[in-house]
Structure formats: C-alpha cells, structure tokens
$ cat start.cif   # mmCIF, C-alpha atoms
data_run
#
loop_
_atom_site.label_atom_id
_atom_site.label_comp_id
_atom_site.auth_asym_id
_atom_site.auth_seq_id
_atom_site.Cartn_x
_atom_site.Cartn_y
_atom_site.Cartn_z
CA MET M 13 -14.25 -7.34 -10.88
CA HIS M 14 -14.33 -3.59 -10.19
CA ILE M 15 -16.64 -3.07 -7.21
CA PRO M 16 -18.96 -0.10 -7.80
CA ASP M 17 -20.07 2.37 -5.13
CA GLY M 18 -22.84 1.02 -2.93
CA PHE M 19 -21.81 -2.64 -2.70
CA LEU M 20 -19.66 -2.24 0.41
CA SER M 21 -20.44 -1.09 3.93
CA ALA M 22 -18.63 1.97 5.32
CA GLU M 23 -16.59 -0.24 7.65
CA VAL M 24 -15.34 -2.44 4.83
CA ALA M 25 -14.70 0.54 2.54
CA ILE M 26 -12.68 2.37 5.21
CA SER M 27 -10.68 -0.62 6.43
CA THR M 28 -9.76 -1.70 2.90
CA PHE M 29 -8.65 1.89 2.20
CA GLY M 30 -6.48 1.64 5.30
CA VAL M 31 -4.82 -1.58 4.15
CA SER M 32 -4.31 -0.22 0.63
CA ILE M 33 -2.78 3.08 1.81
CA ALA M 34 -0.44 1.26 4.20
CA SER M 35 0.61 -1.10 1.39
CA GLY M 36 1.17 1.86 -0.93
CA LEU M 37 3.49 3.55 1.57
CA LEU M 38 5.39 0.31 2.14
CA ALA M 39 5.68 -0.18 -1.63
CA ILE M 40 7.17 3.33 -2.03
CA LYS M 41 9.79 2.54 0.59
CA ASN M 42 10.59 -0.80 -1.01
CA ALA M 43 10.69 0.55 -4.58
CA LYS M 44 13.20 3.22 -3.60
CA LYS M 45 15.52 0.42 -2.51
CA LYS M 46 14.99 -1.96 -5.39
CA PHE M 47 13.38 -0.37 -8.45
CA SER M 48 16.09 0.18 -11.04
CA GLU M 49 16.09 3.10 -13.44
CA LYS M 50 16.18 0.82 -16.48
CA PHE M 51 12.59 -0.27 -15.76
CA VAL M 52 11.15 3.28 -15.90
CA LEU M 53 9.88 3.14 -19.49
CA LEU M 54 8.67 -0.40 -18.95
CA ALA M 55 6.59 0.92 -16.03
CA GLY M 56 4.93 3.35 -18.44
CA VAL M 57 4.11 0.76 -21.10
CA THR M 58 2.98 -1.77 -18.50
CA ALA M 59 0.50 0.78 -17.13
CA ALA M 60 -0.67 1.59 -20.67
CA PHE M 61 -0.90 -2.10 -21.58
CA VAL M 62 -2.84 -3.08 -18.46
CA PHE M 63 -5.29 -0.21 -18.94
CA ALA M 64 -5.84 -0.94 -22.64
CA ALA M 65 -6.13 -4.71 -22.13
CA GLN M 66 -8.64 -4.20 -19.32
CA MET M 67 -10.96 -2.50 -21.84
CA LEU M 68 -11.18 -5.69 -23.88
CA ASN M 69 -13.97 -7.72 -22.30
CA PHE M 70 -14.09 -11.21 -23.76
CA PRO M 71 -17.25 -13.35 -23.59
CA ILE M 72 -17.04 -16.37 -21.26
CA GLY M 73 -20.52 -17.78 -21.92
CA PHE M 74 -23.60 -17.49 -19.69
CA GLY M 75 -24.15 -13.96 -21.04
CA THR M 76 -21.12 -12.90 -19.09
CA SER M 77 -17.77 -11.35 -19.94
CA GLY M 78 -14.43 -10.92 -18.27
CA HIS M 79 -11.28 -8.98 -18.87
CA PHE M 80 -7.57 -9.12 -18.23
CA LEU M 81 -6.43 -7.98 -14.79
CA GLY M 82 -2.69 -7.63 -15.31
CA ALA M 83 -1.65 -7.24 -11.68
CA PHE M 84 0.43 -10.40 -11.57
CA LEU M 85 2.04 -9.57 -14.94
CA ALA M 86 2.89 -6.06 -13.69
CA CYS M 87 4.51 -7.49 -10.54
CA ILE M 88 6.54 -10.07 -12.48
CA LEU M 89 7.76 -7.40 -14.94
CA LEU M 90 8.37 -4.54 -12.51
CA GLY M 91 8.60 -6.10 -9.07
CA PRO M 92 5.85 -6.17 -6.45
CA SER M 93 6.27 -2.54 -5.33
CA MET M 94 6.08 -0.88 -8.73
CA GLY M 95 3.58 -3.50 -9.93
CA PHE M 96 1.32 -2.53 -7.04
CA TRP M 97 1.62 1.18 -7.86
CA ILE M 98 0.87 0.58 -11.54
CA MET M 99 -2.38 -1.13 -10.48
CA VAL M 100 -3.18 1.77 -8.15
CA LEU M 101 -2.74 4.22 -11.05
CA VAL M 102 -4.86 2.13 -13.43
CA LEU M 103 -7.66 1.73 -10.86
CA VAL M 104 -7.62 5.41 -9.87
CA VAL M 105 -7.83 6.57 -13.50
CA GLN M 106 -10.57 4.03 -14.24
CA SER M 107 -12.55 5.10 -11.21
CA LEU M 108 -12.19 8.89 -11.57
CA MET M 109 -12.24 9.27 -15.34
CA PHE M 110 -14.17 6.28 -16.61
CA ALA M 111 -16.50 5.44 -13.71
CA ASP M 112 -15.19 1.87 -13.77
CA GLY M 113 -15.11 0.89 -10.11
CA GLY M 114 -16.53 3.08 -7.35
CA ILE M 115 -14.57 5.84 -5.66
CA THR M 116 -15.59 4.66 -2.18
CA ALA M 117 -14.70 1.10 -3.27
CA LEU M 118 -11.26 2.12 -4.53
CA GLY M 119 -9.53 0.84 -1.40
CA ALA M 120 -11.17 -2.56 -1.81
CA ASN M 121 -10.45 -2.71 -5.53
CA VAL M 122 -6.78 -1.87 -4.92
CA LEU M 123 -6.65 -4.49 -2.17
CA ASN M 124 -8.31 -7.22 -4.28
CA MET M 125 -6.62 -6.62 -7.59
CA GLY M 126 -3.33 -4.94 -6.68
CA LEU M 127 -2.39 -6.49 -3.36
CA ILE M 128 -4.03 -9.94 -3.53
CA GLY M 129 -4.02 -10.50 -7.31
CA GLY M 130 -0.62 -8.87 -7.78
CA VAL M 131 1.72 -8.67 -4.80
CA LEU M 132 0.58 -11.76 -2.89
CA CYS M 133 0.63 -13.91 -6.03
CA TYR M 134 4.08 -12.55 -6.89
CA TYR M 135 5.39 -13.86 -3.55
CA ILE M 136 3.61 -17.18 -4.06
CA PHE M 137 5.39 -17.37 -7.43
CA THR M 138 8.81 -16.70 -5.90
CA LEU M 139 8.20 -19.49 -3.39
CA ILE M 140 7.09 -21.99 -6.03
CA VAL M 141 9.96 -21.36 -8.44
CA LYS M 142 12.37 -22.13 -5.62
CA ILE M 143 11.13 -25.70 -5.39
CA ILE M 144 10.55 -26.65 -9.03
CA PRO M 145 13.19 -27.16 -11.71
CA LEU M 146 12.93 -24.01 -13.73
CA GLY M 147 13.41 -23.55 -17.44
CA ARG M 148 11.64 -21.54 -20.06
CA GLY M 149 8.68 -23.92 -20.24
CA THR M 150 8.13 -24.31 -16.50
CA PHE M 151 8.56 -20.55 -16.02
CA LEU M 152 5.76 -19.83 -18.49
CA ALA M 153 3.57 -22.67 -17.16
CA THR M 154 3.98 -21.42 -13.59
CA THR M 155 3.10 -17.85 -14.60
CA PHE M 156 0.05 -19.21 -16.44
CA PHE M 157 -1.24 -21.11 -13.43
CA ILE M 158 -0.49 -18.42 -10.86
CA SER M 159 -2.04 -15.63 -12.94
CA THR M 160 -5.14 -17.81 -13.38
CA PHE M 161 -5.14 -18.36 -9.62
CA SER M 162 -4.63 -14.60 -9.00
CA VAL M 163 -8.01 -13.78 -10.56
CA ILE M 164 -9.75 -16.56 -8.61
CA LEU M 165 -8.14 -15.44 -5.34
CA ALA M 166 -9.06 -11.78 -5.95
CA SER M 167 -12.67 -12.80 -6.64
CA ALA M 168 -12.73 -14.85 -3.42
CA VAL M 169 -11.56 -11.86 -1.38
CA CYS M 170 -14.11 -9.70 -3.20
CA SER M 171 -16.82 -12.20 -2.14
CA LEU M 172 -15.60 -11.95 1.43
CA GLU M 173 -15.86 -8.15 1.39
CA LEU M 174 -19.38 -8.30 -0.02
CA ALA M 175 -20.34 -10.78 2.69
CA ILE M 176 -18.79 -8.76 5.55
CA SER M 177 -20.62 -5.70 4.17
CA GLY M 178 -23.89 -7.57 4.60
CA THR M 179 -24.62 -7.25 0.88
CA ILE M 180 -24.92 -11.00 0.28
CA PRO M 181 -24.12 -14.13 2.34
CA PHE M 182 -20.68 -15.60 1.64
CA VAL M 183 -21.94 -19.11 0.86
CA VAL M 184 -24.25 -17.64 -1.77
CA VAL M 185 -21.84 -15.29 -3.52
CA PHE M 186 -18.61 -17.27 -3.27
CA PRO M 187 -19.44 -20.16 -5.67
CA SER M 188 -20.75 -17.81 -8.38
CA MET M 189 -17.84 -15.41 -8.11
CA VAL M 190 -15.20 -18.13 -8.12
CA GLY M 191 -17.01 -20.01 -10.90
CA PHE M 192 -17.05 -17.11 -13.34
CA HIS M 193 -13.57 -15.95 -12.38
CA THR M 194 -12.05 -19.37 -12.92
CA ILE M 195 -12.98 -19.04 -16.61
CA ILE M 196 -11.83 -15.40 -16.69
CA GLY M 197 -8.64 -16.51 -14.95
CA ILE M 198 -7.76 -18.87 -17.78
CA GLY M 199 -7.89 -15.88 -20.14
CA GLU M 200 -5.67 -14.03 -17.68
CA GLY M 201 -3.18 -16.89 -17.66
CA LEU M 202 -3.03 -17.07 -21.44
CA ILE M 203 -2.43 -13.32 -21.86
CA THR M 204 0.15 -13.19 -19.06
CA ALA M 205 2.10 -16.19 -20.39
CA SER M 206 1.96 -14.82 -23.97
CA VAL M 207 3.34 -11.40 -23.03
CA LEU M 208 6.04 -12.99 -20.86
CA SER M 209 7.04 -15.47 -23.56
CA TYR M 210 7.57 -12.54 -25.95
CA ILE M 211 9.66 -10.54 -23.48
CA LEU M 212 11.55 -13.69 -22.52
CA ILE M 213 12.68 -14.04 -26.12
CA VAL M 214 13.66 -10.43 -26.81
CA ARG M 215 14.76 -9.06 -23.44
CA PRO M 216 14.71 -11.54 -20.53
CA ASP M 217 16.61 -9.04 -18.38
CA LEU M 218 13.58 -6.73 -18.54
CA ILE M 219 11.65 -9.19 -16.38
CA TYR M 220 12.19 -7.96 -12.82
CA VAL M 221 11.63 -11.29 -11.14
CA LEU M 222 14.39 -12.85 -13.27
CA SER M 223 16.96 -10.08 -13.01
CA ASN M 224 16.41 -9.09 -9.38
CA GLU M 225 14.86 -11.77 -7.23
CA LEU M 226 16.06 -15.03 -8.71
CA LYS M 227 19.43 -14.00 -10.04
CA THR M 228 21.34 -17.08 -9.06
CA ASN M 229 19.31 -20.09 -10.07
CA LEU M 230 16.98 -18.77 -12.70
CA LYS M 231 18.42 -15.96 -14.78
CA GLU M 232 21.28 -17.94 -16.28
CA LYS M 233 18.95 -20.75 -17.21
CA MET M 234 16.57 -18.33 -18.87
CA VAL M 235 19.20 -16.48 -20.86
CA GLU M 236 20.76 -19.81 -21.78
CA GLY M 237 17.39 -21.14 -22.87
CA VAL M 238 16.89 -18.12 -25.11
CA ALA M 239 20.31 -18.44 -26.71
CA MET K 13 22.44 -2.96 -30.12
CA VAL K 14 20.88 -4.04 -26.87
CA ASP K 15 19.65 -0.51 -26.26
CA LYS K 16 17.96 -0.53 -29.61
CA LYS K 17 16.42 -3.90 -28.88
CA LYS K 18 15.23 -2.67 -25.49
CA LYS K 19 13.65 0.34 -27.13
CA ASN K 20 11.91 -2.00 -29.55
CA VAL K 21 10.26 -4.00 -26.77
CA ILE K 22 8.97 -0.79 -25.22
CA VAL K 23 7.77 0.54 -28.58
CA VAL K 24 6.11 -2.76 -29.51
CA LEU K 25 4.23 -3.01 -26.19
CA PHE K 26 3.24 0.66 -26.45
CA LEU K 27 1.89 0.24 -29.99
CA VAL K 28 0.07 -2.96 -29.02
CA SER K 29 -1.56 -1.05 -26.14
CA LEU K 30 -2.69 1.78 -28.40
CA ALA K 31 -3.96 -0.70 -30.99
CA MET K 32 -5.94 -2.60 -28.34
CA ALA K 33 -7.47 0.61 -27.00
CA PHE K 34 -8.30 2.00 -30.42
CA PHE K 35 -8.94 -0.87 -32.83
CA ILE K 36 -9.98 -3.79 -30.65
CA SER K 37 -11.94 -2.08 -27.86
CA PRO K 38 -15.00 -1.46 -30.13
CA PHE K 39 -15.28 -5.24 -30.43
CA ALA K 40 -15.10 -5.90 -26.68
CA SER K 41 -17.97 -7.92 -25.26
CA SER K 42 -20.73 -5.74 -23.82
CA HIS K 43 -22.02 -8.53 -21.58
CA LEU K 44 -21.97 -7.89 -17.84
CA ASP K 45 -18.63 -8.78 -16.29
CA GLY K 46 -18.21 -11.55 -13.70
CA LEU K 47 -19.04 -9.44 -10.64
CA GLU K 48 -21.92 -7.58 -12.35
CA LYS K 49 -23.41 -10.86 -13.52
CA VAL K 50 -23.22 -12.33 -10.03
CA ALA K 51 -24.79 -9.15 -8.63
CA GLU K 52 -27.60 -9.37 -11.17
CA LYS K 53 -28.16 -13.07 -10.64
CA LEU K 54 -28.18 -12.81 -6.86
CA GLY K 55 -30.25 -9.64 -6.88
CA PHE K 56 -27.93 -7.03 -5.36
CA ILE K 57 -26.98 -5.12 -8.53
CA ASP K 58 -29.44 -2.35 -7.61
CA ARG K 59 -27.27 -1.48 -4.64
CA GLY K 60 -24.72 -0.11 -7.09
CA GLU K 61 -24.86 3.66 -7.16
CA GLU K 62 -24.95 5.32 -10.52
CA SER K 63 -24.37 8.91 -9.42
CA VAL K 64 -20.62 8.86 -9.84
CA TRP K 65 -20.96 7.44 -13.32
CA GLU K 66 -22.64 10.59 -14.51
CA THR K 67 -20.05 12.97 -13.15
CA SER K 68 -16.90 11.28 -14.41
CA PRO K 69 -15.57 12.78 -17.66
CA MET K 70 -15.82 9.60 -19.72
CA PRO K 71 -18.24 7.20 -18.02
CA ASP K 72 -17.99 3.63 -19.23
CA TYR K 73 -15.19 4.49 -21.66
CA THR K 74 -17.10 6.95 -23.79
CA ALA K 75 -15.77 10.44 -24.45
CA TYR K 76 -18.67 12.86 -24.37
CA GLY K 77 -21.18 10.68 -26.12
CA ASP K 78 -21.59 7.02 -26.73
CA SER K 79 -20.74 6.36 -30.34
CA ARG K 80 -18.13 3.80 -31.21
CA LEU K 81 -15.57 6.43 -32.21
CA THR K 82 -15.72 8.27 -28.88
CA GLY K 83 -15.08 4.99 -27.10
CA MET K 84 -11.96 4.50 -29.19
CA VAL K 85 -10.84 8.07 -28.42
CA ALA K 86 -11.49 7.54 -24.71
CA GLY K 87 -9.35 4.39 -24.88
CA ILE K 88 -6.45 6.25 -26.50
CA ILE K 89 -6.68 9.10 -23.99
CA GLY K 90 -6.69 6.68 -21.07
CA THR K 91 -3.80 4.65 -22.48
CA LEU K 92 -1.66 7.77 -22.98
CA ILE K 93 -2.49 9.06 -19.49
CA LEU K 94 -1.52 5.72 -17.96
CA PHE K 95 1.76 5.68 -19.92
CA GLY K 96 2.56 9.14 -18.54
CA LEU K 97 1.59 8.22 -15.00
CA GLY K 98 3.54 4.94 -15.17
CA VAL K 99 6.71 6.69 -16.32
CA GLY K 100 6.14 9.37 -13.68
CA ALA K 101 5.80 6.75 -10.94
CA GLY K 102 8.92 5.01 -12.24
CA VAL K 103 10.95 8.24 -12.10
CA LEU K 104 9.66 9.17 -8.64
CA LEU K 105 10.10 5.74 -7.09
CA LYS K 106 13.34 4.57 -8.71
CA ARG K 107 16.06 3.74 -6.29
CA THR K 108 18.17 6.66 -5.33
CA ASP K 109 21.40 5.03 -4.14
CA GLY K 110 22.99 5.09 -7.59
CA ASN K 111 23.27 1.31 -7.85
CA GLY K 112 20.51 1.22 -10.43
CA ASN K 113 22.76 2.54 -13.16
CA ASP K 114 25.71 0.40 -12.29
CA GLU K 115 23.71 -2.77 -12.16
CA SER K 116 21.91 -2.15 -15.43
CA LYS K 117 25.30 -1.55 -17.08
CA THR K 118 26.65 -4.84 -15.82
CA GLN K 119 23.53 -6.58 -16.95
CA ARG K 120 23.71 -5.03 -20.40
CA ALA K 121 27.33 -6.10 -20.64
CA ALA K 122 26.33 -9.60 -19.59
CA THR K 123 23.58 -9.73 -22.19
CA ASP K 124 25.92 -8.41 -24.87
CA SER K 125 28.48 -11.12 -24.39
#
$ encode --input "start.cif" --output "structure tokens"
Amino acid sequence: MHIPDGFLSAEVAISTFGVSIASGLLAIKNAKKKFSEKFVLLAGVTAAFVFAAQMLNFPIGFGTSGHFLGAFLACILLGPSMGFWIMVLVLVVQSLMFADGGITALGANVLNMGLIGGVLCYYIFTLIVKIIPLGRGTFLATTFFISTFSVILASAVCSLELAISGTIPFVVVFPSMVGFHTIIGIGEGLITASVLSYILIVRPDLIYVLSNELKTNLKEKMVEGVA
Amino acid sequence: MVDKKKKNVIVVLFLVSLAMAFFISPFASSHLDGLEKVAEKLGFIDRGEESVWETSPMPDYTAYGDSRLTGMVAGIIGTLILFGLGVGAGVLLKRTDGNGNDESKTQRAATDS
C-alpha cells in the first residue's frame, strides 16, 4: 500500500507530513515516559522482522499480491509510541534505499500505515479487550481481527487521500482498495496472531500491551494460561 | 534462565527475519500489490513518478543489478540496517526516569516464580 510519488497533491502530501511529524514528536515524548529498557532489543528485531516480512508479497488472486504490514504487531509488542517509530524507520529506509513508497508521499504512508494501521488500531484493541473476557484464545482472536481491520482501515484512508488529491473519485477507488485489502488483511491477521502466539508461549512479558497497559486484568490470565 | 530464554526469542525472531529476507524473498509474488493493481485498473498508475526509483541505491529491492542473488543481498542489508535503527531508536527513546530497570527486575522475578 506504499503510495509512490505523483499520486498525491501537494496539499495532501504536506498536510499528511504535518500530521506524521506531530505524531512522531508526541510519540517521542510518550516513549520516554513508558518505553522500558528491556524492550530495546525487541525493538531492533521487530524493525528487522517487519522490513523482511514486507518483502514477501503473497498472491491474493486477480493477478494481485499483498504483503504484511506489521504496524499493529509492532504496537502490540512495543507499545504505540515505539511501534509508530519502528514503522517510520521501516518506511523511511524503504523509501530512500529501496524506492518502495515515494519520498513526497512518506508523510501519507507514515500516517496510513503507522498511525492509522498501528497506533489507532492499538487503542481500538485496548478498548475492546476491556469489554470481552480475555484469555489466550480471545487475545489471539482479537489480534487477528484487529490486524485484519488495520489493513482495511489504512487502505480506506489511502483511498481518501487519493480522492482529496483529485487523483481518482472516492466512490471509484474505495471499493477496489478495500476489496483487495480485505484479502491482504486476512494474511496480516494470520501472521500477527502466529507471531504473538509464539511470543505468548515463550515470553508473554515481552508483549508490551500485556505487561504495561493491561497489567491488572490480563497479564495474570495470560501467564496463568501459559503455565 | 529467563534471561537466556529472552535472548532466545530475540535470536529466533532475528534469524527468522534474515531467513525471510534471504531465502524466501526470491519466491515473493511479483504481481502488482493492492494499491498498484487498483491504480492500473482505474487508470491512474501513470501518475506515479519513476525518477526517484532510479536514484535510490537499491530500487525495488535489487542491489546494483536485478538478478535473484542481488535481491537476496539487498534484503539482508535492509534487515540488518533496520535492526540497527530499531535498537538505536530503543536506546534513544527508552524512559529515562530509572523505573525501567526496576520494573523489568520485578517482572523477571514474577516470571521466575
């Protein structure tokens, strides 16, 4: 879903850069309050994993492919602030070194994939797990559905940006974008839930959302479920 | 014990990342991705500008050429760079009030018991 140069108008490119830079600064402030030292190496491997997994385009039919996004996974593992910054790093390296995603579209790509697909969906997740009975199974099912949704939501916002840019009318682009990205999103959900189910077995305390945000009602259940 | 286990998770995920970039990436689908396909279908793919593609060091995940091997090398280089940047971001942005260490100790103790 990396937008190349030329798809967005100057107004959309600049305003999305503005939102992304503001979010980045806010994330720095927030990380310095909450991001624990024990997650530092995990931040490195998450960045490496997201980058490598994004290279693996899988066919979804219709002569089309899709790939893992990883923003929601990064936010669940590292918290929304560091998760956001990991996506910024991945997208910047992809754009500057690998010409995957335009440089002028970087603000929009960070907004769509990092902020919408990652941070926003992370907060949706924290709201949902407060109202459902949570165990190992429901945790993984919820992450599956929300990571699927994260790709669909990011593609919807991408459609909106293309429409505001005057590239293509919203009613034309939205159904196609959401259609393809619903299938891609299922791949996203499967990968996210698989990685989390592995970490849940070996080191549940290395999942930020369990050890930091939902300490009281969730962590004990998870660790109990593992034992 | 727990430290060793923690290290293992990191090592496993790191090796999986390298393996994906090196061994699996050559088999990745070369079909257009979702957005590209939509752009092609709806006729606005020509708006995409190619200029930047030519000036980036490894356009489209190929390191100075387009054979399969250079793609694998580009994948490894990118994965290692991202690992370095991720650790760097973690070190720069970790919380500075000192609670980080204390809390992780308590959590390790809790996991040990």
$ residues_around --input "start.cif" --residues "range 26-28 of chain K" --least-positions-apart "6" --cutoff "8 Å" --atoms "all atoms listed in the file" --output "compact mmCIF listing (two decimals) with C-alpha atoms, keeping the file's coordinate frame"
# COMPACT_ATOMS: atom_id res chain seq x y z
CA VAL M 57 4.11 0.76 -21.10
CA ALA M 60 -0.67 1.59 -20.67
CA PHE M 61 -0.90 -2.10 -21.58
$ closest_residue --input "start.cif" --among "M:Ser27, M:Ser188, M:Asn224, M:Thr150" --to "chain K" --atoms "all atoms listed in the file"
M:Ser188
$ atom_distance --input "start.cif" --atom1 "CA of Phe84 in chain M" --atom2 "CA of Met84 in chain K"
26.2 Å
$ residues_around --input "start.cif" --residues "Leu54 in chain K" --least-positions-apart "3" --cutoff "10 Å" --atoms "all atoms listed in the file" --output "PyMOL selection string"
(chain M and resi 180+184-185+188) or (chain K and resi 48-51+57)
$ write_last_selection --input "start.cif" --atoms "C-alpha atoms" --output "compact mmCIF listing (two decimals), in the frame of the given file"
# COMPACT_ATOMS: atom_id res chain seq x y z
CA ILE M 180 -24.92 -11.00 0.28
CA VAL M 184 -24.25 -17.64 -1.77
CA VAL M 185 -21.84 -15.29 -3.52
CA SER M 188 -20.75 -17.81 -8.38
CA GLU K 48 -21.92 -7.58 -12.35
CA LYS K 49 -23.41 -10.86 -13.52
CA VAL K 50 -23.22 -12.33 -10.03
CA ALA K 51 -24.79 -9.15 -8.63
CA ILE K 57 -26.98 -5.12 -8.53
$ residues_around --input "start.cif" --residues "Ile26 in chain M" --least-positions-apart "5" --cutoff "9 Å" --atoms "only C-alpha atoms" --output "list in words"
Ser21, Val31, Thr116, Ala117, Gly119 and Ala120 of chain M
$ write_last_selection --input "start.cif" --atoms "C-alpha atoms" --output "PDB file, in the frame of the given file"
ATOM      1  CA  SER M  21     -20.440  -1.090   3.930  1.00  0.00           C
ATOM      2  CA  VAL M  31      -4.820  -1.580   4.150  1.00  0.00           C
ATOM      3  CA  THR M 116     -15.590   4.660  -2.180  1.00  0.00           C
ATOM      4  CA  ALA M 117     -14.700   1.100  -3.270  1.00  0.00           C
ATOM      5  CA  GLY M 119      -9.530   0.840  -1.400  1.00  0.00           C
ATOM      6  CA  ALA M 120     -11.170  -2.560  -1.810  1.00  0.00           C
TER       7      ALA M 120
END
$ closest_residue --input "start.cif" --among "M:Glu23, M:Ala34, M:Ala59, M:Ser209" --to "Leu30 in chain K" --atoms "only C-alpha atoms"
M:Ala59
$ interface_residues --input "start.cif" --of "chain M" --to "chain K" --cutoff "7 Å" --atoms "only C-alpha atoms" --output "JSON, numbers by chain"
{"M": [13, 16, 17, 18, 19, 40, 43, 44, 45, 46, 47, 48, 49, 50, 52, 53, 54, 55, 56, 57, 59, 60, 61, 63, 64, 65, 67, 68, 69, 70, 71, 75, 76, 77, 78, 98, 102, 108, 109, 110, 111, 112, 188, 189, 192, 193, 215]}
